[in-house]
$ cat model_24.txt   # compact mmCIF, C-alpha atoms
# COMPACT_ATOMS: atom_id res chain seq x y z
CA MET Z 908 -16.17 -24.83 13.95
CA ILE Z 909 -12.53 -25.37 14.96
CA MET Z 910 -10.05 -24.89 12.13
CA LYS Z 911 -7.77 -27.90 11.66
CA PHE Z 912 -4.16 -27.36 10.65
CA SER Z 913 -2.09 -29.99 8.90
CA ARG Z 914 1.56 -30.61 9.78
CA GLN Z 915 2.61 -28.52 6.76
CA ASP Z 916 0.30 -25.69 7.88
CA LYS Z 917 1.89 -25.70 11.32
CA ILE Z 918 5.41 -25.63 9.87
CA PHE Z 919 4.46 -22.78 7.54
CA ILE Z 920 2.78 -20.70 10.26
CA GLY Z 921 5.55 -21.48 12.75
CA THR Z 922 8.26 -20.32 10.34
CA ILE Z 923 6.45 -17.08 9.57
CA ALA Z 924 5.72 -16.49 13.27
CA LEU Z 925 9.40 -17.00 14.11
CA VAL Z 926 10.49 -14.39 11.55
CA HIS Z 927 7.95 -11.95 13.00
CA VAL Z 928 9.32 -12.59 16.49
CA VAL Z 929 12.84 -11.78 15.25
CA PHE Z 930 11.71 -8.49 13.70
CA PHE Z 931 9.67 -7.63 16.79
CA LEU Z 932 12.76 -8.13 18.96
CA LEU Z 933 14.70 -5.90 16.55
CA ALA Z 934 11.96 -3.29 16.89
CA CYS Z 935 12.34 -3.50 20.68
CA ILE Z 936 16.07 -2.87 20.27
CA PHE Z 937 15.92 -0.05 17.69
CA LYS Z 938 12.64 1.46 19.04
CA ARG Z 939 11.80 3.00 15.63
CA ILE Z 940 8.12 2.10 15.52
CA TYR Z 941 6.89 5.51 14.35
CA MET Z 942 6.90 6.93 10.84
CA GLY Z 943 6.19 10.44 9.58
CA ASP Z 944 2.39 10.15 9.76
CA SER Z 945 2.07 7.96 12.88
CA PHE Z 946 1.18 10.71 15.31
CA GLU Z 947 -1.70 11.97 13.18
CA TYR Z 948 -3.32 8.54 13.41
CA ILE Z 949 -2.61 8.43 17.13
CA TYR Z 950 -4.08 11.91 17.61
CA GLU Z 951 -7.25 10.90 15.80
CA ALA Z 952 -7.64 7.71 17.84
CA LEU Z 953 -7.24 9.68 21.08
CA ASN Z 954 -9.55 12.46 19.88
CA ILE Z 955 -12.24 9.86 19.09
CA LYS Z 956 -11.77 8.25 22.50
CA ARG Z 957 -11.86 11.48 24.50
CA TYR Z 958 -14.17 13.74 22.49
CA PHE Z 959 -15.68 11.52 19.76
CA PHE Z 960 -13.94 13.99 17.45
CA PHE Z 961 -12.63 12.62 14.14
CA TYR Z 962 -9.63 14.91 13.86
CA SER Z 963 -5.99 13.99 13.22
CA GLY Z 964 -4.45 17.18 14.60
CA ASN Z 965 -3.49 18.26 18.09
CA PRO Z 966 -6.75 19.42 19.77
CA ALA Z 967 -4.75 21.87 21.93
CA MET Z 968 -3.83 23.81 18.79
CA PRO Z 969 -6.21 25.84 16.58
CA ILE Z 970 -8.57 23.49 14.72
CA LEU Z 971 -7.72 23.25 11.00
CA PRO Z 972 -10.17 21.79 8.43
CA GLU Z 973 -7.30 19.97 6.69
CA TYR Z 974 -6.93 17.66 9.70
CA MET Z 975 -10.64 16.87 9.67
CA THR Z 976 -10.20 14.73 6.55
CA GLN Z 977 -6.48 14.10 6.24
CA ARG Z 978 -6.63 10.64 7.81
CA GLN Z 979 -9.44 8.18 7.22
CA PRO Z 980 -11.00 6.74 10.40
CA GLY Z 981 -10.26 3.05 9.76
CA TYR Z 982 -6.78 2.86 11.27
CA PRO Z 983 -7.51 5.26 14.17
CA LEU Z 984 -10.44 2.98 15.07
CA PHE Z 985 -8.06 0.03 14.89
CA LEU Z 986 -5.77 1.85 17.34
CA LEU Z 987 -8.80 2.67 19.46
CA SER Z 988 -9.52 -1.04 19.89
CA ILE Z 989 -6.36 -1.06 22.04
CA TYR Z 990 -6.56 2.48 23.43
CA LEU Z 991 -9.96 1.76 25.01
CA PHE Z 992 -8.09 -0.47 27.45
CA THR Z 993 -4.59 0.98 27.51
CA ILE Z 994 -2.65 3.53 25.49
CA ASN Z 995 0.26 1.28 24.64
CA ASN Z 996 1.59 1.21 21.08
CA TRP Z 997 3.69 -1.89 21.71
CA ILE Z 998 0.46 -3.85 22.10
CA VAL Z 999 -0.64 -2.37 18.77
CA ILE Z 1000 2.62 -3.63 17.26
CA VAL Z 1001 2.00 -7.13 18.63
CA LEU Z 1002 -1.51 -7.07 17.14
CA GLN Z 1003 -0.13 -5.93 13.78
CA ASN Z 1004 2.40 -8.77 13.80
CA LEU Z 1005 -0.41 -11.25 14.38
CA LEU Z 1006 -2.34 -9.64 11.54
CA SER Z 1007 0.70 -9.94 9.29
CA VAL Z 1008 1.01 -13.66 10.11
CA PHE Z 1009 -2.67 -14.04 9.22
CA ASN Z 1010 -2.17 -12.17 5.93
CA ILE Z 1011 0.66 -14.45 4.83
CA TYR Z 1012 -1.23 -17.59 5.79
CA TYR Z 1013 -4.37 -16.27 4.10
CA ILE Z 1014 -2.67 -15.59 0.75
CA ARG Z 1015 -1.33 -19.16 0.84
CA LYS Z 1016 -4.86 -20.43 1.50
CA VAL Z 1017 -6.23 -18.47 -1.47
CA LEU Z 1018 -3.39 -19.61 -3.72
CA LEU Z 1019 -4.27 -23.25 -2.96
CA THR Z 1020 -7.62 -22.67 -4.70
CA ILE Z 1021 -5.96 -21.60 -7.97
CA GLY Z 1022 -3.33 -24.29 -8.35
CA TYR Z 1023 -0.67 -23.67 -5.68
CA GLN Z 1024 0.92 -26.80 -4.19
CA GLN Z 1025 2.16 -27.00 -0.62
CA LYS Z 1026 5.44 -28.58 -1.70
CA TYR Z 1027 6.42 -25.11 -2.91
CA ASP Z 1028 6.02 -23.62 0.58
CA TRP Z 1029 9.80 -23.24 0.73
CA LEU Z 1030 9.73 -20.88 -2.25
CA LEU Z 1031 6.78 -18.89 -0.95
CA LEU Z 1032 8.48 -18.55 2.45
CA LEU Z 1033 11.74 -17.55 0.79
CA PHE Z 1034 10.13 -14.75 -1.23
CA VAL Z 1035 8.16 -13.48 1.79
CA ILE Z 1036 11.19 -13.49 4.10
CA ALA Z 1037 13.28 -11.80 1.39
CA TYR Z 1038 10.84 -8.86 1.38
CA PRO Z 1039 11.60 -7.12 4.70
CA ALA Z 1040 9.01 -4.37 4.07
CA GLN Z 1041 6.38 -6.87 5.27
CA PHE Z 1042 7.98 -7.20 8.70
CA ILE Z 1043 9.13 -3.58 9.02
CA ASN Z 1044 5.58 -2.32 8.45
CA ALA Z 1045 4.21 -4.88 10.89
CA ASN Z 1046 6.41 -3.17 13.49
CA THR Z 1047 5.47 0.40 12.56
CA ILE Z 1048 2.49 2.45 13.71
CA ALA Z 1049 1.04 2.82 10.23
CA PRO Z 1050 -2.12 1.60 8.44
CA ASP Z 1051 -0.42 -0.41 5.70
CA ILE Z 1052 -0.67 -3.89 7.26
CA LEU Z 1053 -4.37 -3.31 7.95
CA LEU Z 1054 -4.89 -2.13 4.37
CA GLN Z 1055 -3.05 -5.23 3.18
CA THR Z 1056 -5.54 -7.36 5.12
CA PHE Z 1057 -8.53 -5.82 3.36
CA THR Z 1058 -6.79 -5.99 -0.03
CA LEU Z 1059 -6.11 -9.71 0.45
CA LEU Z 1060 -9.70 -10.32 1.57
CA TYR Z 1061 -10.87 -8.46 -1.54
CA PHE Z 1062 -8.67 -10.69 -3.68
CA GLY Z 1063 -9.90 -13.83 -1.92
CA CYS Z 1064 -13.56 -12.83 -2.36
CA PHE Z 1065 -12.95 -12.25 -6.07
CA ILE Z 1066 -11.46 -15.74 -6.47
CA SER Z 1067 -14.51 -17.22 -4.69
CA LEU Z 1068 -16.85 -15.16 -6.91
CA VAL Z 1069 -15.21 -16.52 -10.06
CA GLN Z 1070 -15.08 -20.12 -8.85
CA LYS Z 1071 -18.36 -20.47 -6.93
CA LYS Z 1072 -20.43 -18.05 -9.01
CA LYS Z 1073 -22.40 -16.72 -6.05
CA LEU Z 1074 -23.24 -13.03 -5.72
CA GLU Z 1075 -22.69 -13.15 -1.97
CA TYR Z 1076 -18.96 -12.94 -2.74
CA ALA Z 1077 -19.55 -9.79 -4.79
CA VAL Z 1078 -21.30 -8.36 -1.74
CA ARG Z 1079 -18.29 -9.26 0.40
CA MET Z 1080 -15.99 -7.64 -2.15
CA SER Z 1081 -17.96 -4.41 -1.91
CA LEU Z 1082 -17.95 -4.46 1.89
CA VAL Z 1083 -14.22 -5.18 2.08
CA LEU Z 1084 -13.49 -2.45 -0.47
CA VAL Z 1085 -15.42 0.09 1.64
CA ALA Z 1086 -13.45 -1.01 4.72
CA GLY Z 1087 -10.20 -0.64 2.79
CA LEU Z 1088 -10.90 2.85 1.46
CA LEU Z 1089 -11.71 3.95 5.01
CA VAL Z 1090 -8.21 2.84 6.05
CA LYS Z 1091 -6.30 4.75 3.35
CA PRO Z 1092 -7.59 6.94 0.51
CA VAL Z 1093 -5.51 5.13 -2.12
CA PHE Z 1094 -8.39 2.69 -2.54
CA TYR Z 1095 -11.26 5.15 -3.07
CA PRO Z 1096 -10.78 5.82 -6.82
CA PHE Z 1097 -10.81 2.03 -7.26
CA VAL Z 1098 -14.58 2.03 -6.69
CA LEU Z 1099 -15.04 2.79 -10.39
CA VAL Z 1100 -12.78 -0.12 -11.39
CA HIS Z 1101 -14.67 -2.31 -8.91
CA PHE Z 1102 -17.96 -1.47 -10.62
CA PHE Z 1103 -16.75 -2.73 -13.99
CA ILE Z 1104 -15.12 -5.82 -12.46
CA ILE Z 1105 -18.40 -6.95 -10.91
CA ILE Z 1106 -20.39 -6.21 -14.07
CA ILE Z 1107 -17.92 -8.08 -16.32
CA VAL Z 1108 -17.87 -11.15 -14.06
CA ALA Z 1109 -21.68 -11.10 -13.80
CA ALA Z 1110 -22.02 -10.85 -17.58
CA LYS Z 1111 -19.61 -13.75 -18.09
CA GLN Z 1112 -21.59 -15.84 -15.61
CA LYS Z 1113 -24.86 -14.82 -17.36
CA VAL Z 1114 -26.38 -13.27 -14.25
CA LYS Z 1115 -29.19 -10.72 -14.64
CA LEU Z 1116 -27.50 -7.37 -14.12
CA GLN Z 1117 -30.01 -5.74 -11.75
CA ARG Z 1118 -28.54 -7.15 -8.54
CA PRO Z 1119 -24.88 -6.98 -9.66
CA VAL Z 1120 -25.30 -3.29 -10.54
CA ILE Z 1121 -26.67 -2.53 -7.06
CA ILE Z 1122 -23.84 -4.50 -5.43
CA ALA Z 1123 -21.18 -2.93 -7.66
CA ILE Z 1124 -22.33 0.64 -7.09
CA ALA Z 1125 -22.51 0.31 -3.28
CA PRO Z 1126 -18.85 1.37 -2.66
CA LEU Z 1127 -19.36 4.44 -4.86
CA CYS Z 1128 -22.40 5.34 -2.77
CA ALA Z 1129 -20.29 4.88 0.38
CA VAL Z 1130 -17.67 7.30 -1.03
CA LEU Z 1131 -20.37 9.88 -1.81
CA LEU Z 1132 -21.81 9.55 1.71
CA TYR Z 1133 -18.35 9.96 3.22
CA ASN Z 1134 -17.74 12.98 0.99
CA TYR Z 1135 -21.01 14.49 2.20
CA TRP Z 1136 -20.01 13.92 5.83
CA ASN Z 1137 -16.76 15.75 5.09
CA TYR Z 1138 -18.79 18.54 3.49
CA THR Z 1139 -20.82 19.00 6.68
CA ARG Z 1140 -17.55 19.43 8.59
CA THR Z 1141 -15.44 21.46 6.16
CA GLU Z 1142 -17.89 22.92 3.59
CA LYS Z 1143 -15.98 21.07 0.88
CA PHE Z 1144 -17.40 17.94 -0.78
CA HIS Z 1145 -14.33 15.70 -0.94
CA PHE Z 1146 -12.83 12.44 0.30
CA THR Z 1147 -9.48 13.52 1.72
CA SER Z 1148 -7.47 16.71 2.08
CA ASN Z 1149 -4.43 14.71 0.98
CA GLN Z 1150 -5.76 14.63 -2.56
CA SER Z 1151 -5.22 18.35 -3.17
CA PHE Z 1152 -1.79 18.33 -1.48
CA ASN Z 1153 -0.64 15.30 -3.47
CA ALA Z 1154 -1.73 16.98 -6.71
CA ILE Z 1155 1.22 19.31 -6.13
CA TYR Z 1156 3.53 17.09 -4.07
CA TYR Z 1157 3.79 14.44 -6.81
CA PHE Z 1158 5.72 17.01 -8.83
CA TYR Z 1159 8.30 17.44 -6.06
CA PRO Z 1160 10.36 14.33 -7.02
CA TYR Z 1161 9.87 15.17 -10.71
CA ILE Z 1162 11.32 18.66 -10.30
CA SER Z 1163 14.00 17.30 -7.97
CA GLN Z 1164 15.22 14.92 -10.66
CA LYS Z 1165 14.87 17.45 -13.48
CA GLU Z 1166 16.25 20.62 -11.83
CA GLY Z 1167 17.77 19.49 -8.54
CA ILE Z 1168 16.54 19.25 -4.96
CA ASP Z 1169 17.07 22.99 -4.29
CA SER Z 1170 14.61 23.89 -7.04
CA ALA Z 1171 12.17 21.24 -5.82
CA GLN Z 1172 12.26 22.58 -2.25
CA LYS Z 1173 11.78 26.15 -3.46
CA PHE Z 1174 8.85 25.01 -5.61
CA LEU Z 1175 7.17 23.19 -2.71
CA LYS Z 1176 7.77 26.06 -0.27
CA LYS Z 1177 6.33 28.57 -2.74
CA GLU Z 1178 3.19 26.49 -3.31
CA ARG Z 1179 2.69 25.83 0.40
CA ASN Z 1180 3.02 29.53 1.18
CA ALA Z 1181 0.53 30.40 -1.57
CA ILE Z 1182 -1.95 27.85 -0.20
CA ALA Z 1183 -1.49 29.08 3.40
CA GLU Z 1184 -2.41 32.64 2.38
CA ILE Z 1185 -5.87 31.57 1.20
CA PRO Z 1186 -8.32 32.03 4.11
CA GLU Z 1187 -11.05 29.51 3.20
CA TYR Z 1188 -10.33 25.78 3.24
CA LYS Z 1189 -12.42 24.96 0.17
CA ASP Z 1190 -10.54 27.65 -1.77
CA ARG Z 1191 -7.20 26.25 -0.57
CA TYR Z 1192 -8.27 22.79 -1.69
CA ASP Z 1193 -9.43 23.99 -5.11
CA TYR Z 1194 -6.28 26.05 -5.64
CA ALA Z 1195 -4.01 23.07 -4.94
CA ASN Z 1196 -6.05 20.81 -7.22
CA GLU Z 1197 -6.02 23.37 -10.02
CA GLN Z 1198 -2.28 23.92 -9.64
CA GLY Z 1199 -1.70 20.18 -9.88
CA ILE Z 1200 -3.80 19.96 -13.06
CA GLU Z 1201 -2.00 22.98 -14.56
CA LEU Z 1202 1.41 21.47 -13.78
CA LEU Z 1203 0.33 18.23 -15.43
CA LYS Z 1204 -0.80 20.09 -18.55
CA GLN Z 1205 2.50 21.96 -18.77
CA ASN Z 1206 4.64 18.84 -18.30
CA PHE Z 1207 2.30 16.13 -19.54
CA PHE Z 1208 4.52 13.81 -21.60
CA PRO Z 1209 7.75 14.12 -19.59
CA TYR Z 1210 5.86 13.77 -16.29
CA VAL Z 1211 3.86 10.76 -17.50
CA ALA Z 1212 7.11 9.08 -18.59
CA PHE Z 1213 8.66 9.90 -15.19
CA HIS Z 1214 5.58 8.60 -13.36
CA LEU Z 1215 5.46 5.33 -15.32
CA LYS Z 1216 9.18 4.74 -14.88
CA ASN Z 1217 8.86 5.03 -11.11
CA SER Z 1218 5.69 2.94 -11.10
CA ALA Z 1219 7.70 0.19 -12.80
CA ARG Z 1220 10.54 0.61 -10.29
CA ILE Z 1221 8.23 -0.26 -7.39
CA PHE Z 1222 8.21 -3.90 -8.59
CA ILE Z 1223 11.88 -4.31 -7.67
CA GLU Z 1224 12.33 -1.50 -5.10
CA PRO Z 1225 14.15 -3.05 -2.08
CA GLY Z 1226 13.15 -0.28 0.34
CA LYS Z 1227 16.56 0.80 1.59
CA ALA Z 1228 15.22 4.00 3.18
CA GLU Z 1229 12.62 2.01 5.14
CA MET Z 1230 15.29 -0.43 6.35
CA ASP Z 1231 17.57 2.39 7.47
CA LEU Z 1232 14.71 4.20 9.20
CA PHE Z 1233 13.78 0.99 11.02
CA THR Z 1234 17.34 0.44 12.27
CA GLY Z 1235 17.92 4.12 13.10
CA LYS Z 1236 20.64 4.55 10.48
CA LEU Z 1237 18.45 7.20 8.84
CA THR Z 1238 16.07 9.77 10.33
CA TYR Z 1239 13.19 11.59 8.66
CA GLY Z 1240 15.09 14.83 9.16
CA LYS Z 1241 17.99 13.53 7.06
CA LEU Z 1242 15.67 11.86 4.56
CA TYR Z 1243 14.28 15.18 3.33
CA THR Z 1244 17.37 17.38 3.51
CA LYS Z 1245 18.98 18.74 0.37
CA ASP Z 1246 22.38 17.23 1.22
CA ARG Z 1247 21.06 13.66 1.38
CA SER Z 1248 23.14 11.14 -0.56
CA GLY Z 1249 20.74 8.44 -1.71
CA PHE Z 1250 21.71 5.82 -4.28
CA TYR Z 1251 19.86 7.44 -7.18
CA THR Z 1252 21.17 10.91 -6.22
CA THR Z 1253 24.73 9.54 -6.01
CA MET Z 1254 24.44 7.88 -9.41
CA LYS Z 1255 23.09 11.09 -10.93
CA ASN Z 1256 25.72 13.39 -9.42
CA LYS Z 1257 28.86 11.19 -9.36
CA GLY Z 1258 28.10 8.23 -11.59
CA TRP Z 1259 29.85 4.91 -10.94
CA ALA Z 1260 32.79 6.78 -9.41
CA GLY Z 1261 30.72 7.52 -6.31
CA ILE Z 1262 29.58 3.96 -5.67
CA GLY Z 1263 32.63 3.03 -3.55
CA ASP Z 1264 32.07 5.85 -1.06
CA TYR Z 1265 28.35 5.17 -1.08
CA PHE Z 1266 28.89 1.55 0.00
CA LYS Z 1267 31.28 2.68 2.76
CA ASN Z 1268 28.68 5.10 4.13
CA ASN Z 1269 25.83 2.59 3.81
CA PRO Z 1270 26.67 -0.73 5.48
CA SER Z 1271 23.14 -2.02 4.75
CA MET Z 1272 23.88 -2.16 1.01
CA PRO Z 1273 24.87 -5.89 0.83
CA PHE Z 1274 21.53 -6.80 2.40
CA VAL Z 1275 19.71 -4.30 0.13
CA LEU Z 1276 21.33 -5.85 -2.94
CA LEU Z 1277 20.25 -9.30 -1.77
CA VAL Z 1278 16.64 -8.07 -1.46
CA LEU Z 1279 16.94 -6.46 -4.90
CA LEU Z 1280 18.16 -9.75 -6.36
CA PHE Z 1281 15.20 -11.65 -4.94
CA ASN Z 1282 12.83 -8.93 -6.18
CA CYS Z 1283 14.20 -9.34 -9.71
CA ILE Z 1284 13.85 -13.13 -9.52
CA ARG Z 1285 10.34 -12.71 -8.13
CA LEU Z 1286 9.44 -10.42 -11.04
CA ILE Z 1287 10.41 -13.13 -13.54
CA GLY Z 1288 7.99 -15.57 -11.91
CA PHE Z 1289 5.29 -12.91 -11.74
CA LEU Z 1290 5.55 -12.17 -15.46
CA TRP Z 1291 5.48 -15.90 -16.22
CA PHE Z 1292 2.27 -16.19 -14.17
CA PHE Z 1293 0.38 -14.34 -16.90
CA LEU Z 1294 1.36 -17.01 -19.45
CA ASN Z 1295 -0.19 -19.78 -17.34
CA ARG Z 1296 -3.41 -20.64 -19.19
CA LYS Z 1297 -4.40 -23.14 -16.51
CA ILE Z 1298 -5.41 -20.14 -14.41
CA ASP Z 1299 -8.67 -18.45 -15.41
CA TRP Z 1300 -8.05 -15.38 -17.59
CA LEU Z 1301 -10.39 -13.43 -15.29
CA VAL Z 1302 -8.07 -14.12 -12.36
CA ARG Z 1303 -4.97 -13.14 -14.34
CA SER Z 1304 -6.67 -9.98 -15.59
CA PHE Z 1305 -7.80 -9.08 -12.07
CA VAL Z 1306 -4.27 -9.51 -10.71
CA PHE Z 1307 -2.91 -7.31 -13.51
CA ILE Z 1308 -5.48 -4.58 -12.79
CA LEU Z 1309 -5.16 -4.65 -8.98
CA ILE Z 1310 -1.36 -4.70 -8.84
CA GLY Z 1311 -1.05 -2.26 -11.74
CA TYR Z 1312 -3.40 0.13 -9.94
CA PHE Z 1313 -1.27 0.22 -6.79
CA ALA Z 1314 1.92 0.59 -8.83
CA LEU Z 1315 0.45 3.59 -10.68
CA ALA Z 1316 -0.83 5.06 -7.41
CA ALA Z 1317 2.67 4.85 -5.90
CA GLY Z 1318 4.15 6.58 -8.95
CA PRO Z 1319 7.13 8.83 -8.20
CA ILE Z 1320 6.87 8.10 -4.46
CA ALA Z 1321 8.20 4.57 -5.03
CA ASN Z 1322 8.04 3.61 -1.38
CA THR Z 1323 7.61 -0.07 -0.50
CA ARG Z 1324 4.84 0.66 2.00
CA TYR Z 1325 2.69 2.05 -0.82
CA PHE Z 1326 3.03 -1.28 -2.59
CA LEU Z 1327 2.63 -3.42 0.54
CA PRO Z 1328 -1.16 -4.00 0.11
CA VAL Z 1329 -0.53 -6.10 -3.01
CA SER Z 1330 3.02 -7.35 -2.36
CA LEU Z 1331 1.87 -10.76 -1.05
CA ILE Z 1332 -0.39 -11.21 -4.09
CA LEU Z 1333 2.58 -10.50 -6.35
CA ILE Z 1334 4.76 -12.93 -4.38
CA GLY Z 1335 2.11 -15.65 -4.54
CA CYS Z 1336 1.61 -15.19 -8.27
CA ALA Z 1337 5.39 -15.30 -8.77
CA VAL Z 1338 5.49 -18.71 -7.06
CA LEU Z 1339 2.66 -19.90 -9.33
CA GLY Z 1340 4.71 -18.65 -12.28
CA PHE Z 1341 7.78 -20.63 -11.24
CA MET Z 1342 5.59 -23.67 -10.61
CA GLU Z 1343 4.37 -23.48 -14.21
CA MET Z 1344 7.93 -23.06 -15.48
CA ARG Z 1345 8.97 -26.14 -13.49
CA HIS Z 1346 6.06 -28.23 -14.77
CA LYS Z 1347 6.76 -27.33 -18.40
CA LYS Z 1348 10.41 -28.25 -17.98
CA VAL Z 1349 9.47 -31.62 -16.44
CA ASN Z 1350 6.97 -32.33 -19.24
CA LYS Z 1351 9.57 -31.57 -21.92
CA THR Z 1352 12.11 -33.95 -20.39
CA ALA Z 1353 9.53 -36.67 -19.74

$ encode --input "model_24.txt" --output "structure tokens"
Amino acid sequence: MIMKFSRQDKIFIGTIALVHVVFFLLACIFKRIYMGDSFEYIYEALNIKRYFFFYSGNPAMPILPEYMTQRQPGYPLFLLSIYLFTINNWIVIVLQNLLSVFNIYYIRKVLLTIGYQQKYDWLLLLFVIAYPAQFINANTIAPDILLQTFTLLYFGCFISLVQKKKLEYAVRMSLVLVAGLLVKPVFYPFVLVHFFIIIIVAAKQKVKLQRPVIIAIAPLCAVLLYNYWNYTRTEKFHFTSNQSFNAIYYFYPYISQKEGIDSAQKFLKKERNAIAEIPEYKDRYDYANEQGIELLKQNFFPYVAFHLKNSARIFIEPGKAEMDLFTGKLTYGKLYTKDRSGFYTTMKNKGWAGIGDYFKNNPSMPFVLLVLLFNCIRLIGFLWFFLNRKIDWLVRSFVFILIGYFALAAGPIANTRYFLPVSLILIGCAVLGFMEMRHKKVNKTA
């Protein structure tokens, strides 16, 4: 069946495609298509191609168990779909841009089923274009655009489940969730939330729970099977080696803010050295996890407050570091040095007196402030979305849970790419919020 596009569809897709072309041309100029983790995904794709070896490290170096499970296979297999024919990352970038265009069109298509009107395309386009993280990540060798695709499909399947009341959409949700957690580990704890979502929807729709329970538990079974596969390779039953490292690393920004970056770097170096001295991988993993838990116990209330504050910041974070990395103004070497002069560091050390010099040294700031402004406006619409009773409370609750989950997962590492999977959902809901505000204003004046 050939999909038919209306004139408005063509204008919408054409506008989005044009913006992607502009950013692709910028990527060709700046040539900053790699981020800190890119080469681990590339290594794994090449290792699968050459040796059928799921390993994200350099195979010429000693094999380390950490790299067996550090990167999930979803994105390396995506890269492999190109590498089977040619090892050319610019073709990967083109494919990711096409995927990004699809994602934006798809969220619009889903929004149409819950009250969105095409006459507000201008606002949707404005919010999308004013969020450069979408286009920067489309032009970066990283799994975030692919994860966004599966997150949007998950959202779309949920809307269909609520509206059409057919369990086949719950099956699709489970399948898409499994695909997503195999792209990045951020999604794998969500399998427990997914279980309750399916059961609650099934109960509301008065469906006998036997089939919904089987469908809902399937992603959890997939996680356990993947954990077992990792156990056969590393002798540790776990999903990702990143989990143990992050248990400690999440305290790095906390200590940096509390005691300064010197103390944070000393803390991280000390912990890494302690982990490196442990001979067995499973013992290294357990030590890091236990240290993370102990640190949380010792700093529970102040850390939780710090974590929540940064989780809230992700809703308006403009992503200056990502913009500067994309244009070459900033390098990863400078990003993690103790003499870096970021906005928050400048405000902490010099207060408002340092803002003048900061703007002189950061010519991207006017553009960053513009993005920040649109993010704040977008947030108003998003909050208003939850007051719109015309939209099913199940849908509003699901949006709150899904977006809140990713915000909490980002936590102190308030990086726009960690929020990218749900950013288009937030943008779409913000437009729906402003639509409702507009309709109420018209009704009052009528």

$ atom_distance --input "model_24.txt" --atom1 "atom CA of Z:Pro1092" --atom2 "atom CA of Z:Ile1066"
24.0 Å

$ closest_residue --input "model_24.txt" --among "Z:Ile918, Z:Leu1002, Z:Ile1221, Z:Met1230" --to "Z:Asn1282" --atoms "only C-alpha atoms"
Z:Ile1221

$ residues_around --input "model_24.txt" --residues "Z:Asn1322" --least-positions-apart "6" --cutoff "10 Å" --atoms "all atoms listed in the file" --output "ChimeraX atom specification"
/Z:1040,1217,1220-1221,1224-1229

$ residues_around --input "model_24.txt" --residues "Z:Glu1142" --least-positions-apart "2" --cutoff "10 Å" --atoms "only C-alpha atoms" --output "ChimeraX atom specification"
/Z:972,1135-1140,1144-1145,1187-1189

$ closest_residue --input "model_24.txt" --among "Z:Leu1074, Z:Phe1094, Z:Tyr1027, Z:Asn1004" --to "Z:Val1114" --atoms "only C-alpha atoms"
Z:Leu1074

$ residues_near_point --input "model_24.txt" --point "(10.0, -8.4, 4.2)" --cutoff "10 Å" --atoms "only C-alpha atoms" --output "number ranges by chain"
Z: 926-927, 930, 1033-1045, 1225-1226, 1230, 1278, 1323, 1327, 1330-1331

$ write_last_selection --input "model_24.txt" --atoms "C-alpha atoms" --output "CSV table (one decimal), in the frame of the given file"
chain,number,residue,atom,x,y,z
Z,926,VAL,CA,10.5,-14.4,11.6
Z,927,HIS,CA,8.0,-12.0,13.0
Z,930,PHE,CA,11.7,-8.5,13.7
Z,1033,LEU,CA,11.7,-17.6,0.8
Z,1034,PHE,CA,10.1,-14.8,-1.2
Z,1035,VAL,CA,8.2,-13.5,1.8
Z,1036,ILE,CA,11.2,-13.5,4.1
Z,1037,ALA,CA,13.3,-11.8,1.4
Z,1038,TYR,CA,10.8,-8.9,1.4
Z,1039,PRO,CA,11.6,-7.1,4.7
Z,1040,ALA,CA,9.0,-4.4,4.1
Z,1041,GLN,CA,6.4,-6.9,5.3
Z,1042,PHE,CA,8.0,-7.2,8.7
Z,1043,ILE,CA,9.1,-3.6,9.0
Z,1044,ASN,CA,5.6,-2.3,8.4
Z,1045,ALA,CA,4.2,-4.9,10.9
Z,1225,PRO,CA,14.2,-3.0,-2.1
Z,1226,GLY,CA,13.2,-0.3,0.3
Z,1230,MET,CA,15.3,-0.4,6.4
Z,1278,VAL,CA,16.6,-8.1,-1.5
Z,1323,THR,CA,7.6,-0.1,-0.5
Z,1327,LEU,CA,2.6,-3.4,0.5
Z,1330,SER,CA,3.0,-7.4,-2.4
Z,1331,LEU,CA,1.9,-10.8,-1.0

$ residues_around --input "model_24.txt" --residues "Z:Ile998" --least-positions-apart "5" --cutoff "12 Å" --atoms "all atoms listed in the file" --output "list in words"
Phe931, Cys935, Ile940, Phe985, Leu986, Leu987, Ser988, Ile989, Tyr990, Phe992, Thr993, Gln1003, Asn1004, Leu1005, Ala1045, Asn1046, Thr1047 and Ile1048 of chain Z

$ atom_distance --input "model_24.txt" --atom1 "atom CA of Z:Phe1146" --atom2 "atom CA of Z:Gln979"
8.8 Å

$ closest_residue --input "model_24.txt" --among "Z:Arg1303, Z:Arg1285, Z:Arg1118, Z:His1346" --to "Z:Phe1065" --atoms "all atoms listed in the file"
Z:Arg1303

$ residues_around --input "model_24.txt" --residues "Z:Val1338" --least-positions-apart "4" --cutoff "9 Å" --atoms "all atoms listed in the file" --output "PyMOL selection string"
chain Z and resi 1023+1027+1030-1031+1034+1285+1288-1289+1292+1333-1334+1342-1343

$ atom_distance --input "model_24.txt" --atom1 "atom CA of Z:Ile1320" --atom2 "atom CA of Z:Leu1131"
27.4 Å
